[in-house]
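Q: Got a structure for you, questions after.
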Amino acid sequence: MKQILIGLLFISLYQPVFAMEHGGMIMDETGMIMNANPDQLPRDCPQISENKDITIHAGQQYAEKFTGKMFAFDTQEWNVKPCAKINITFINDDQIRHQLMIHGLPGYLYPDGMFHLELNGTGQLQASLILPSQKKTYLVHCELPQHMEKGMKAQLKVEGGDGDLPSIPGISEPIKADLYNTNWNQLSYAILAFSILIGAAIVLMSVIYSEQLTRLLAKLGAKLKRNSPSDLH
Amino acid sequence: MAGAIYIIYYTYPHQYNKAGINPPDTIYNQAKDNSNIEKPCSNLHPEWRAAQVIEDVSINASPDCEPDNPYEVATSVRGTNNVSMGTLMHTDFAQDALIMGEDLDKDGDPDIINIKLEVVELNGSSPDGEFLINTFDVAPGIQPGLWVYAPKSRGMAVKNYNSLVSNPLLRAPSPVIRVEQGDKVYVTLENTHYLPHTIHLHGVDHPWMTAKGEDNDGMEEHAVFPGKSHTYEIQPRHVGTMLYHCHVQTAQHFMMGLGGMFIVEENHPNNWLQTFNVGAGVVRHPSVAVKKEYNQEYDLHYQSIDKKLAHIIQEANDPRLVAQHMARDYNMTESFENYFLLNGHSFPYTLRDSMIISSENEDIKLHVANFQRSAIALHIHGHKATITALDGVDLTQAQQITRDVLDMATAQRNDVHLKTQNDGLHSYGPGLWMFHDHVPTGTTTDGIEPGGNMAILAYKALLDEHGMPKMHEHLLDQVFNKEYYAKRQAVWTEGSFGALLGDAGILEPNYLQMLLFGAAIGLLVGLFVLLILVIKRKFKS
C-alpha cells in the first residue's frame, strides 16, 4: 500500500481551503484521513483529561436493528469528558465507500470545523482527535448522498452534551417525519362509535336530570365557597 | 323574501367579472422577488476554457460558459492511478475511481481498464427539515428527484459545508464512458444507494456470464443490493455508440436517470481515451480515429423526467415507503414526461454547457442517444446532417442519409456527421442556430416555452467573451429567472408590446354589489329565525 502524505506546503499550493496551521490529509487508494489531531491541545484545555479508544463500525447490516433505515453505524452515541482524546478505529464492513465525519469542532485546530475519515471499501482506519472542554453535542455522520438521511448518523457528547440532534436512529425523532398507514379495524370503529354514544348520553342525561344537576352544582359551589377561605390559613 | 332571493341571484360575487369599457391595466411583472434572477453566466472558471496540456494530455479549447474541468478530463484520460496528487485534488474523483492497467498489445495505451461507478441520488429528501439535499438544478428553480451513476468520488458530496448543492461530479446525466475496442474493461458498480440496482451493458459486446460464472448482463434477478458491489467484465470486439442502464424495476429506474452512453472506440496506437465525459457534451480529448476525420466531437444525451415519479423520493424518507410508492402505488403506465433534458440540463442552462460551438468548415462528430420515454425528432436549424451509424453499427456510404430531422426511438443512438460548410445544403452559413427535439413538448419545461432540450449550434464569432450567445440579452434576462419557470412571469415583455401582451391586471371588487349581497343574505337568515320563533310560539299556545 502506497501511502502518500501530503504536507502542508503541498496542500496550500493546491487547495487553499486546507491550508490551516494544523490541517493535514493522508490519502491513498483505500481512503483518507483529514484533520486528525493526536497532540494539539485546544486553547481551553490545560491537559488531556482521558484517553478513550472508540471502535466504530459502518455498514448496511447495522441498520437492520432499526426500522425505516438502510445504512448505520454500530453505535449511535458516545459520551466523553471535556478535553478528552479519542482514538477512533473506523471499520467499514460494506463493499462501498463510507465516511465518518465529525462537525462543529474548533476551526483553529480542525479546518472547516471538520474531522473526516473515509474508507473506499471494506477496511479500517485509525486516527485521533482532541475535543475542547465545552459541553456540546457533535454531529457524527457519513456524508455520502442519502447515507445520513437513511440512518448513518450519530452523536458525540462532551460532558453530557447540549441536547440530542434530530433523527438519530433509536434516539431522536426526525424534524420532517414520514407518514405511515394506520390500522383502522373493527375495534377502532367500535371505540369511536362508543365514544360518540357516551358524548350524546352526557348531553341527554344532563337535559333529563337538569334539576338535580343544578342542585348538585349549587351544593358544590357552596361547599367550595366555605372551604376556600379556610385554605388560606 | 322573493326580493331578497332576486338580489342574491343578481349580486352573487364571482371570481371573474366583466370590466366595462376599460379593462384593467397591464401588470408588467408579477414576480416581486428579484433574488430569483440569475446571472446568465457566472464565469466561475475562465481559466478552464483555453486549450491546455495537463499530465501530458492535450485538452481542446472549450469556449462555453461552463467548460468541463480540464483536470477532470486529464484524469479521465490517464486514470486516477497515473496522475499527480495535485491534479487529482482539482477533481472530486476517488483515488480508485479509474485504474488504468497494463498495455497488453504494446501499442502505447493501457488495455486493462477498471471503472468504478456509484449510484447517487440528486435532489433527495432529508428527515432533518423541509429542504432537498445534494441539489442539482436542471433549469432555474427546477429540482426534480434524480438518480445517476457517478464516477466514484471522494470527500464532501456537497460543494462545501454550508451548501446543499452537489459537488460538480454528482450531476445528470450519468457520465459517458469511452473504452477502446479489445480493452479488458471491468465496470464495478458500488451500490451506494438505498435500493438495489444493476448495470446492463445495452448493445456493448459482453459475455452473459463473468469468468467466475456470475451475472454479467445486469438483469433484475441479479440485483446489486445496497452496500454491495459487483464487477461486470467486457472485452468488446465491436465499435460503436452503445448504452448502459439499470435493469432493476427498469421502467422507473431508467426514467429516474440511471442510464448513460457507453462508447467503444476503434483500437489505434497511442489511443488514450477520455474514459469519463462527465455531464456529456463536448469531448475535450477525442480518440485517435475521431481526430483523423473530425475537428470536434460531442455527446448528446437526451433524457426526460416524469415529475410525479421524480417527486416520490422527495416526499418519503423511509426506503420501504419509497420502494412501495415507486414500485406499486405509482402506475408507470400513467406516466407523463414533464421535463426534457439535454446533457442533464434544460434551456436556458443548456446554453451554459451544452452548445455546439463551431467555426465555418468544420466536421463535427455527434453521438446522439435517446434516454427519453418517448421518441425524439432532433432538428438542427440551418443544417442538414448525415447519419453515419445507427445503434452502434456503421452505415455504408450508400446507406447514409442526410436529413434535418433525426428520429430516434427510446434507447436508439445515431452517430451523426455535422458539417459547417456554407454550401446551402449542409449549412446555411454562420449563425446562432437552435437545435432541439421537434416533438412539440420537447422544447417545454413542465409546459413552459422556451425550455426543454433546446440548445444552440453557435458559430464562434457570435458568442461573447463568456461563451454566451450575443443578440439574446432580453431573452436571457427573461429566462434565467426562477419566476419564469414557476409560471409567474408574462411571456412577452419587450418594449411597447409589454403593455399590449403583458399580464392583464385584476379588478377591484364591486363593494356596493357585495354590500347588497351580504344584506340580502342577512335578511334571509333573519326571516328564517323569525319564522322558527313564530312557529314555536304557535305550538306553545
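Identifiers for the C-alpha cells are assigned positionally: chains receive A, B, ... in sequence, residues are indexed from 1 per chain, and ligands are indexed from 1 in the order shown.
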With a cut-off of 8 Å and counting only C-alpha atoms, select all residues of chain A in contact with chain B and give the selection as JSON, numbers by chain.

A: {"A": [14, 15, 28, 29, 30, 31, 59, 60, 68, 69, 70, 71, 94, 95, 96, 97, 112, 118, 120, 143, 144, 145, 146, 149, 150, 166, 167, 174, 175, 176, 177, 178, 179]}

Q: Might you pull out every residue within 12 Å of A:Val140, with only C-alpha atoms counted and same-chain residues fewer than 3 positions away left off, and present them as number ranges by chain?

A: A: 56, 58, 72-73, 75-78, 99-105, 114-117, 137, 143, 147-148, 151-157, 165, 168

Q: Based on DSSP run over this structure's backbone, return all residues of stretch 169-349 of chain B in strand (DSSP E or B), as a PyMOL selection string.

A: chain B and resi 176-180+184-190+197+200+209+215+224+229-234+240-245+259-265+276-277+281-282+296-305+339-342+345

Q: Based on the selection just made, write C-alpha atoms of those residues as a tab-separated table (two decimals), in the first residue's frame.

A:
chain	number	residue	atom	x	y	z
B	176	VAL	CA	-20.48	8.97	-20.92
B	177	ILE	CA	-17.96	6.12	-20.75
B	178	ARG	CA	-15.40	5.53	-23.53
B	179	VAL	CA	-13.28	2.43	-23.93
B	180	GLU	CA	-11.14	1.04	-26.71
B	184	LYS	CA	-10.30	-5.64	-20.91
B	185	VAL	CA	-12.81	-3.46	-19.11
B	186	TYR	CA	-14.01	-4.07	-15.56
B	187	VAL	CA	-17.01	-1.94	-14.63
B	188	THR	CA	-17.64	-2.13	-10.90
B	189	LEU	CA	-20.99	-1.00	-9.58
B	190	GLU	CA	-20.61	0.05	-5.95
B	197	HIS	CA	-29.58	-1.56	-8.92
B	200	HIS	CA	-26.91	-3.62	-18.11
B	209	MET	CA	-21.53	-14.58	-17.51
B	215	ASP	CA	-24.08	-12.42	-13.69
B	224	VAL	CA	-26.71	-5.45	-6.53
B	229	SER	CA	-20.57	-4.20	-5.23
B	230	HIS	CA	-20.40	-6.21	-8.42
B	231	THR	CA	-17.95	-6.16	-11.31
B	232	TYR	CA	-19.09	-6.59	-14.90
B	233	GLU	CA	-16.39	-7.78	-17.34
B	234	ILE	CA	-16.19	-6.97	-21.02
B	240	GLY	CA	-19.97	1.93	-31.71
B	241	THR	CA	-22.18	4.14	-29.59
B	242	MET	CA	-23.94	1.96	-27.01
B	243	LEU	CA	-25.65	2.37	-23.64
B	244	TYR	CA	-25.50	1.23	-20.05
B	245	HIS	CA	-28.50	1.36	-17.76
B	259	GLY	CA	-28.60	5.35	-17.92
B	260	GLY	CA	-25.66	6.68	-19.87
B	261	MET	CA	-23.79	6.34	-23.13
B	262	PHE	CA	-21.11	3.67	-23.47
B	263	ILE	CA	-18.91	4.26	-26.49
B	264	VAL	CA	-16.46	1.72	-27.89
B	265	GLU	CA	-13.74	3.40	-29.97
B	276	PHE	CA	-15.43	9.69	-18.49
B	277	ASN	CA	-17.21	12.57	-20.18
B	281	GLY	CA	-21.36	17.48	-24.23
B	282	VAL	CA	-18.05	18.26	-25.89
B	296	GLN	CA	-14.70	18.16	-32.86
B	297	GLU	CA	-16.76	15.52	-31.05
B	298	TYR	CA	-19.91	15.89	-28.91
B	299	ASP	CA	-22.05	13.51	-26.86
B	300	LEU	CA	-25.73	14.48	-26.78
B	301	HIS	CA	-27.73	12.69	-24.09
B	302	TYR	CA	-31.50	13.29	-24.39
B	303	GLN	CA	-33.49	12.44	-21.30
B	304	SER	CA	-36.98	13.14	-19.93
B	305	ILE	CA	-38.38	13.27	-16.42
B	339	TYR	CA	-39.00	17.90	-18.13
B	340	PHE	CA	-36.80	17.39	-21.18
B	341	LEU	CA	-33.05	17.48	-20.65
B	342	LEU	CA	-30.07	17.66	-22.95
B	345	HIS	CA	-29.96	20.49	-18.30

Q: Mind checking which residues fall within 9 Å of A:Ile91, counting only C-alpha atoms, ignoring those fewer than 4 positions away in the same chain, and posting them as JSON, numbers by chain?

A: {"A": [55, 56, 57, 58, 59, 119, 122, 123, 124, 125, 126]}

Q: Just write the chosen residues, C-alpha atoms, as a PDB file, in the first residue's frame.

A:
ATOM      1  CA  THR A  55     -14.251   1.443  17.603  1.00  0.00           C
ATOM      2  CA  ILE A  56     -16.907   2.459  15.098  1.00  0.00           C
ATOM      3  CA  HIS A  57     -18.293   0.041  12.541  1.00  0.00           C
ATOM      4  CA  ALA A  58     -20.136   1.356   9.500  1.00  0.00           C
ATOM      5  CA  GLY A  59     -22.333  -0.743   7.274  1.00  0.00           C
ATOM      6  CA  LEU A 119     -12.858   4.271   3.514  1.00  0.00           C
ATOM      7  CA  THR A 122     -14.130  -2.818   3.282  1.00  0.00           C
ATOM      8  CA  GLY A 123     -11.267  -1.944   5.595  1.00  0.00           C
ATOM      9  CA  GLN A 124     -10.208   0.064   8.596  1.00  0.00           C
ATOM     10  CA  LEU A 125      -8.517   3.311   9.597  1.00  0.00           C
ATOM     11  CA  GLN A 126      -7.215   4.759  12.831  1.00  0.00           C
TER      12      GLN A 126
END

Q: Just to confirm, what's the straight-line distance from atom CA of A:Asn51 to atom CA of A:Ala84 in Å (one decimal)?

A: 6.1 Å

Q: Between atom CA of B:Gln400 and atom CA of B:Asn414, what is the distance in Å, rounded to a tenth?

A: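 Taking atom CA of B:Gln400 as the start and atom CA of B:Asn414 as the end point, the length is 11.2 Å.
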
Q: Would you mind reading off the distance between atom CA of B:Ala74 and atom CA of B:Pro110, one decimal, in Å?

A: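 Going from atom CA of B:Ala74 over to atom CA of B:Pro110 covers 14.6 Å.
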
Q: May I ask which of the residues B:Leu533, B:Val53, B:Leu524, B:Val479 is the closest one to B:Pro450, counting only C-alpha atoms?

A: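 Using only C-alpha atoms, the shortest distance to B:Pro450 belongs to B:Val479.
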